[in-house]
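**Student:** The structure is given below, and queries will be raised subsequently.
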Amino acid sequence: MSERPDDLERAIEATLFAAEEPMTPESLAGHLGDLAVPDVRQALKALSVHYQGRGIHLVERDRRWHFQTAPDLAHLLRREREQVRRLSRAATEVLAIVAYHEPVSRAEIESIRGVQTSSGTLDVLMEVGWVRVAGRREVPGRPVIYATTAEFLAHFGLSSRRDLPGIDELKAAGLLDPVDDVFDALMGDGEDRVEEDEGGGNSPETDDNKA
Amino acid sequence: MSERPDDLERAIEATLFAAEEPMTPESLAGHLGDLAVPDVRQALKALSVHYQGRGIHLVERDRRWHFQTAPDLAHLLRREREQVRRLSRAATEVLAIVAYHEPVSRAEIESIRGVQTSSGTLDVLMEVGWVRVAGRREVPGRPVIYATTAEFLAHFGLSSRRDLPGIDELKAAGLLDPVDDVFDALMGDGEDRVEEDEGGGNSPETDDNKA
Amino acid sequence: MNEARLPLDPVEGDAAEWGGPAATQGEDAALYLELDGWEGPLDLLLDLARRQKVDLRQISILALVDQYLGYIDRAEALRLELAADYLVMAAWLAYLKSALLLPKEEQEDPSPEELALRLQLRLQRLGAMREAAARLMARDRLGRDVFLRGAPEGLRTDRKTTWQCDWFALVRAYGVVNARTAPVVHMVRERPVMTLDSALERVSAMLGVTLEWVELRQFLPPHAEPRLRKSALASSFVAALELARLGRAELAQDETFGPLRLRRPAAA
């Protein structure tokens, strides 16, 4: 070793390393057996010089000393790992329903899916940034309604929801036929859905062919 | 600075300093962004050399590295720290037998100690995290066999089981071999082995490592 | 004592570590007559052997046996409850001692020397492990002698999830939803059928007209649409079977799947 630390430096080094909180020169001096505080201060200075340029630094904050990671290496402590995951089946279904029927409430989504939808599923979609809250429906209970975002269109390479691939084919195949009376009831007789002009499969008029 | 560490050394220094668990060269290489493991190993060696003689040391335990205080400074740090759990005499003995003979079955432990080992003793050692179940021996009865853990090596400051104090001498003296084997060797052959009771009811014939 | 036999030498630290009986007694002090202090007879034997202050390989088994028996005697004199395994060991050692003192030619197999050697080997092994344990416990131990960092910042890997989904998956999912929840309506359409009753009536009536063999198909309504024809065929077939069962018709078929013919029985 080019620079062998003296005993006091070693003692301080070990003590600060093992300490759970930063320590003042006074508390260090007391801990190490009633040493002279100026000696401790001097040793602290020498140590901090030694650690300059290393991966860890000995720093003084508010008269208390502690070791910390070198600031330029802070990024090593908080690593970001990107992880690509496929959207779950449930989430994909919910996303599709929102896209085709927007704006749509959670009750409506559940009615269309035919299964209960955990709120986590919508949360994931909002976190991803593909679904947003689009206000409330002016019906009793004022349920929150959801719609897709510009990001959603961008991700799926659509210029508008009219471009939703396969919608005509789905309609032709009868896949967009409305579901049931509960659904109709939930949709509030369609009066508040005037602005809905696309994805047309859910328009109440088509319900008639069920009778 | 007499010896300016290179970037890799600094990164490893900072990472191990901040880490809550010891790390292998592989996990370090992964954390730091898919580095070459041999480079990491070399840097670890260089770092551990740098810390020799300082108040904190960089040590390897079962292929995992961590910083710890220098052993000779124990007197400064020991005070007001919680005492290491005191093991019973039986537990220390069982621990030593597991460490020096691993993997070892309970019958083998009992054969060496000449007494039944209460299951509580092994439980304590497993609870502390120093002993683990290491599978079963493929002999009739398939007894569970025990071995020590990485925490065991870390706690007792052993880089590997080869560091166990006196293990080479014990091996050379045949003291880690079953009594029967040594006995047969001493008697020149094994043809006069007769069932015999050695008083304890735990004659070595019950060893299941002989298959 | 031979220095080279380090692992077998008594290690001072071990007794201190667990405060066992050997540590609490003077050189020649009376043994504590307390069996709790030992982990069984072998442990007691080892403790006694240690008192001989010699290498376990040079220990006098006879002397050891005497000490053990003496100890047990004293314990019994004090009317202490002695655990059975201590007594078994005492009996075995008494036997070993007498055998060792017997003239050689009267030895059984295995010889008492062999038994003594085995005992010695076992004591060596236990002694070795005891010393190993002591040396282990005396090492610089984490949390007692050496310490980890008091307040490590900790490494954290934030996993950022990028979700993936393509439009095909999207559209297919929508199709699946609709297919799953589309109301399934089972409608039984009204279809022209010939009931079994009317077939019975029809077939028996037609059988009354002739005595000749008539193929089943000729009983069917001639200009019926195909679906009614199918129904009529099935009903007429069952009607034919029923009439045969009642003895009001005879059935004939020349080959499998061949034309089925029927006629009125001659007697009827």
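Letters A, B, ... go to the chains of the structure tokens in the order shown; residues in each chain start at 1; ligands are counted from 1 in the same order.
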Identify all chain A residues at most 7 Å from chain C by counting only C-alpha atoms; ligands do not count. Present them as a PyMOL selection string.

**Tutor:** chain A and resi 17-20+77-87+92-93+96-97+112-114+128+156+166+175-176+179

**Student:** Keeping only C-alpha atoms, write those residues as a short mmCIF file (atom, residue, chain, number, x, y, z; two decimals), in the first residue's frame.

**Tutor:**
```cif
data_model
loop_
_atom_site.label_atom_id
_atom_site.label_comp_id
_atom_site.auth_asym_id
_atom_site.auth_seq_id
_atom_site.Cartn_x
_atom_site.Cartn_y
_atom_site.Cartn_z
CA PHE A 17 -18.53 2.65 7.81
CA ALA A 18 -20.40 0.67 10.44
CA ALA A 19 -22.33 3.64 11.82
CA GLU A 20 -25.97 3.87 10.98
CA LEU A 77 -27.60 2.67 -7.37
CA ARG A 78 -30.78 3.24 -9.27
CA ARG A 79 -30.66 1.10 -12.28
CA GLU A 80 -33.45 1.16 -14.79
CA ARG A 81 -34.20 -2.03 -16.52
CA GLU A 82 -36.53 -1.94 -19.43
CA GLN A 83 -38.77 -4.86 -19.67
CA VAL A 84 -41.00 -5.62 -22.58
CA ARG A 85 -44.16 -7.42 -21.64
CA ARG A 86 -47.11 -8.49 -23.65
CA LEU A 87 -50.36 -6.94 -22.61
CA THR A 92 -56.15 -6.35 -24.52
CA GLU A 93 -59.86 -7.05 -24.45
CA ALA A 96 -60.26 -3.18 -27.68
CA ILE A 97 -63.62 -2.45 -26.09
CA ILE A 112 -69.54 -6.19 -23.11
CA ARG A 113 -66.82 -8.49 -21.81
CA GLY A 114 -69.29 -10.53 -19.87
CA VAL A 128 -49.28 2.76 -20.43
CA PHE A 156 -51.14 1.01 -33.32
CA GLY A 166 -60.89 -4.97 -39.35
CA LEU A 175 -69.20 -9.67 -34.27
CA LEU A 176 -70.21 -6.16 -33.36
CA VAL A 179 -74.93 -7.69 -26.46
#
```

**Student:** Can you check which residues of chain A have any atom within 7 Å of chain B? Use only C-alpha atoms and format it as a short mmCIF file (atom, residue, chain, number, x, y, z; two decimals) with N, CA and C atoms, in the first residue's frame.

**Tutor:**
```cif
data_model
loop_
_atom_site.label_atom_id
_atom_site.label_comp_id
_atom_site.auth_asym_id
_atom_site.auth_seq_id
_atom_site.Cartn_x
_atom_site.Cartn_y
_atom_site.Cartn_z
N MET A 1 0.84 -1.20 0.00
CA MET A 1 0.00 0.00 0.00
C MET A 1 0.87 1.24 0.00
N SER A 2 0.57 2.10 -0.88
CA SER A 2 1.38 3.30 -0.99
C SER A 2 1.16 4.18 0.23
N ARG A 4 -0.31 3.99 3.81
CA ARG A 4 -0.85 3.21 4.91
C ARG A 4 -1.50 4.20 5.88
N PRO A 5 -2.80 4.04 6.14
CA PRO A 5 -3.45 4.98 7.05
C PRO A 5 -2.98 4.72 8.48
N ARG A 10 -7.79 4.60 10.49
CA ARG A 10 -8.44 3.29 10.32
C ARG A 10 -9.65 3.17 11.25
N ALA A 11 -9.47 3.62 12.47
CA ALA A 11 -10.57 3.52 13.44
C ALA A 11 -11.77 4.34 12.98
N GLU A 13 -12.42 5.32 9.94
CA GLU A 13 -12.92 4.70 8.71
C GLU A 13 -13.92 3.58 9.06
N ALA A 14 -13.48 2.70 9.95
CA ALA A 14 -14.34 1.57 10.31
C ALA A 14 -15.59 2.04 11.04
N THR A 15 -15.43 2.99 11.92
CA THR A 15 -16.57 3.45 12.72
C THR A 15 -17.63 4.11 11.83
N LEU A 32 -14.44 6.68 20.23
CA LEU A 32 -13.14 6.01 20.10
C LEU A 32 -12.32 6.13 21.37
N HIS A 50 -8.08 11.08 0.95
CA HIS A 50 -7.79 9.76 0.39
C HIS A 50 -8.92 9.28 -0.52
N GLY A 53 -11.80 10.99 -5.58
CA GLY A 53 -11.48 10.26 -6.80
C GLY A 53 -11.82 8.79 -6.72
N ARG A 54 -12.20 8.32 -5.55
CA ARG A 54 -12.59 6.92 -5.46
C ARG A 54 -14.09 6.79 -5.71
N GLY A 55 -14.58 5.55 -5.63
CA GLY A 55 -16.00 5.32 -5.90
C GLY A 55 -16.88 5.75 -4.74
N ILE A 56 -16.28 5.88 -3.57
CA ILE A 56 -17.02 6.38 -2.42
C ILE A 56 -16.29 7.59 -1.87
N THR A 69 -21.76 7.24 -1.77
CA THR A 69 -21.32 6.92 -3.12
C THR A 69 -20.92 8.20 -3.84
N LEU A 73 -21.53 8.57 -9.58
CA LEU A 73 -21.86 7.15 -9.74
C LEU A 73 -23.26 6.83 -9.19
N LEU A 76 -25.58 4.31 -10.59
CA LEU A 76 -25.37 2.86 -10.41
C LEU A 76 -26.30 2.29 -9.35
N LEU A 77 -26.76 3.16 -8.46
CA LEU A 77 -27.60 2.67 -7.37
C LEU A 77 -29.05 2.54 -7.79
#
```

**Student:** Report the distance between CA of Ala134 in chain A and CA of Leu122 in chain A in Å, rounded to one decimal place.

**Tutor:** 13.0 Å

**Student:** For range 157-161 of chain A, find every residue with an atom within 8 Å (counting only C-alpha atoms), except residues of its own chain fewer than 2 positions away, and show them as an MDAnalysis selection string.

**Tutor:** chainID A and resid 99:100 153:155 163:164 198

**Student:** Determine which residues of range 105-257 of chain C DSSP labels as strand (DSSP E or B) from the backbone of this structure, then write them out as a PyMOL selection string.

**Tutor:** chain C and resi 142+146+156-164+214-215+250-253

**Student:** Using only C-alpha atoms, which protein or nucleic acid residues come within 10 Å of Ala94 in chain C? Drop anything in the same chain fewer than 2 positions from it, and give the result as a ChimeraX atom specification.

**Tutor:** /C:62,65-66,68-69,88-92,96-100

**Student:** Suppose we keep C-alpha atoms; can you now write the selection as a short mmCIF file (atom, residue, chain, number, x, y, z; two decimals), in the first residue's frame?

**Tutor:**
```cif
data_model
loop_
_atom_site.label_atom_id
_atom_site.label_comp_id
_atom_site.auth_asym_id
_atom_site.auth_seq_id
_atom_site.Cartn_x
_atom_site.Cartn_y
_atom_site.Cartn_z
CA LEU C 62 -8.11 -48.84 30.92
CA VAL C 65 -12.71 -46.98 31.89
CA ASP C 66 -11.77 -46.81 35.56
CA TYR C 68 -15.86 -43.52 34.02
CA LEU C 69 -16.89 -46.39 36.28
CA VAL C 88 -25.35 -49.07 29.43
CA MET C 89 -22.01 -47.48 28.67
CA ALA C 90 -20.81 -48.35 32.19
CA ALA C 91 -21.79 -51.98 31.73
CA TRP C 92 -20.14 -52.12 28.37
CA LEU C 96 -14.37 -54.20 28.04
CA LYS C 97 -12.14 -53.80 31.05
CA SER C 98 -12.48 -57.42 32.12
CA ALA C 99 -11.86 -58.57 28.59
CA LEU C 100 -8.75 -56.42 28.34
#
```

**Student:** Set the distance at 8 Å and use only C-alpha atoms: which residues neighbour Leu125 in chain A once local chain neighbours fewer than 4 positions away are removed? I'd like the list as a list in words.

**Tutor:**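 Close residues of Leu125 in chain A: Ala91, Leu95, Thr121, Gly129, Trp130 and Val131 of chain A.
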
**Student:** Quick one: residues within 10 Å of range 37-40 of chain A, only C-alpha atoms, excluding same-chain residues fewer than 2 positions away - as number ranges by chain?

**Tutor:** A: 8-9, 12, 24-30, 32, 34-35, 42-46

**Student:** Quick one: residues within 7 Å of Val115 in chain B, only C-alpha atoms, excluding same-chain residues fewer than 5 positions away - as a PyMOL selection string?

**Tutor:** (chain B and resi 110) or (chain C and resi 39-40)

**Student:** Those same residues - all heavy atoms - I'd like them written as a PDB file, in the first residue's frame.

**Tutor:**
```pdb
ATOM      1  N   GLU B 110     -25.216 -38.024  14.546  1.00  0.00           N
ATOM      2  CA  GLU B 110     -25.415 -38.702  15.823  1.00  0.00           C
ATOM      3  C   GLU B 110     -24.338 -39.744  16.072  1.00  0.00           C
ATOM      4  O   GLU B 110     -23.899 -39.942  17.209  1.00  0.00           O
ATOM      5  CB  GLU B 110     -26.804 -39.339  15.846  1.00  0.00           C
ATOM      6  CG  GLU B 110     -27.888 -38.288  15.866  1.00  0.00           C
ATOM      7  CD  GLU B 110     -29.295 -38.861  15.937  1.00  0.00           C
ATOM      8  OE1 GLU B 110     -29.444 -40.074  15.712  1.00  0.00           O
ATOM      9  OE2 GLU B 110     -30.223 -38.088  16.217  1.00  0.00           O
TER      10      GLU B 110
ATOM     11  N   GLU C  39     -23.225 -34.188  27.063  1.00  0.00           N
ATOM     12  CA  GLU C  39     -24.088 -34.596  25.968  1.00  0.00           C
ATOM     13  C   GLU C  39     -23.940 -36.102  25.778  1.00  0.00           C
ATOM     14  O   GLU C  39     -23.471 -36.562  24.760  1.00  0.00           O
ATOM     15  CB  GLU C  39     -23.701 -33.860  24.686  1.00  0.00           C
ATOM     16  CG  GLU C  39     -23.884 -32.374  24.781  1.00  0.00           C
ATOM     17  CD  GLU C  39     -25.197 -31.925  24.155  1.00  0.00           C
ATOM     18  OE1 GLU C  39     -25.718 -32.643  23.282  1.00  0.00           O
ATOM     19  OE2 GLU C  39     -25.692 -30.869  24.557  1.00  0.00           O
ATOM     20  N   GLY C  40     -24.275 -36.859  26.765  1.00  0.00           N
ATOM     21  CA  GLY C  40     -24.232 -38.309  26.647  1.00  0.00           C
ATOM     22  C   GLY C  40     -22.925 -38.908  27.124  1.00  0.00           C
ATOM     23  O   GLY C  40     -21.961 -38.195  27.419  1.00  0.00           O
TER      24      GLY C  40
END
```
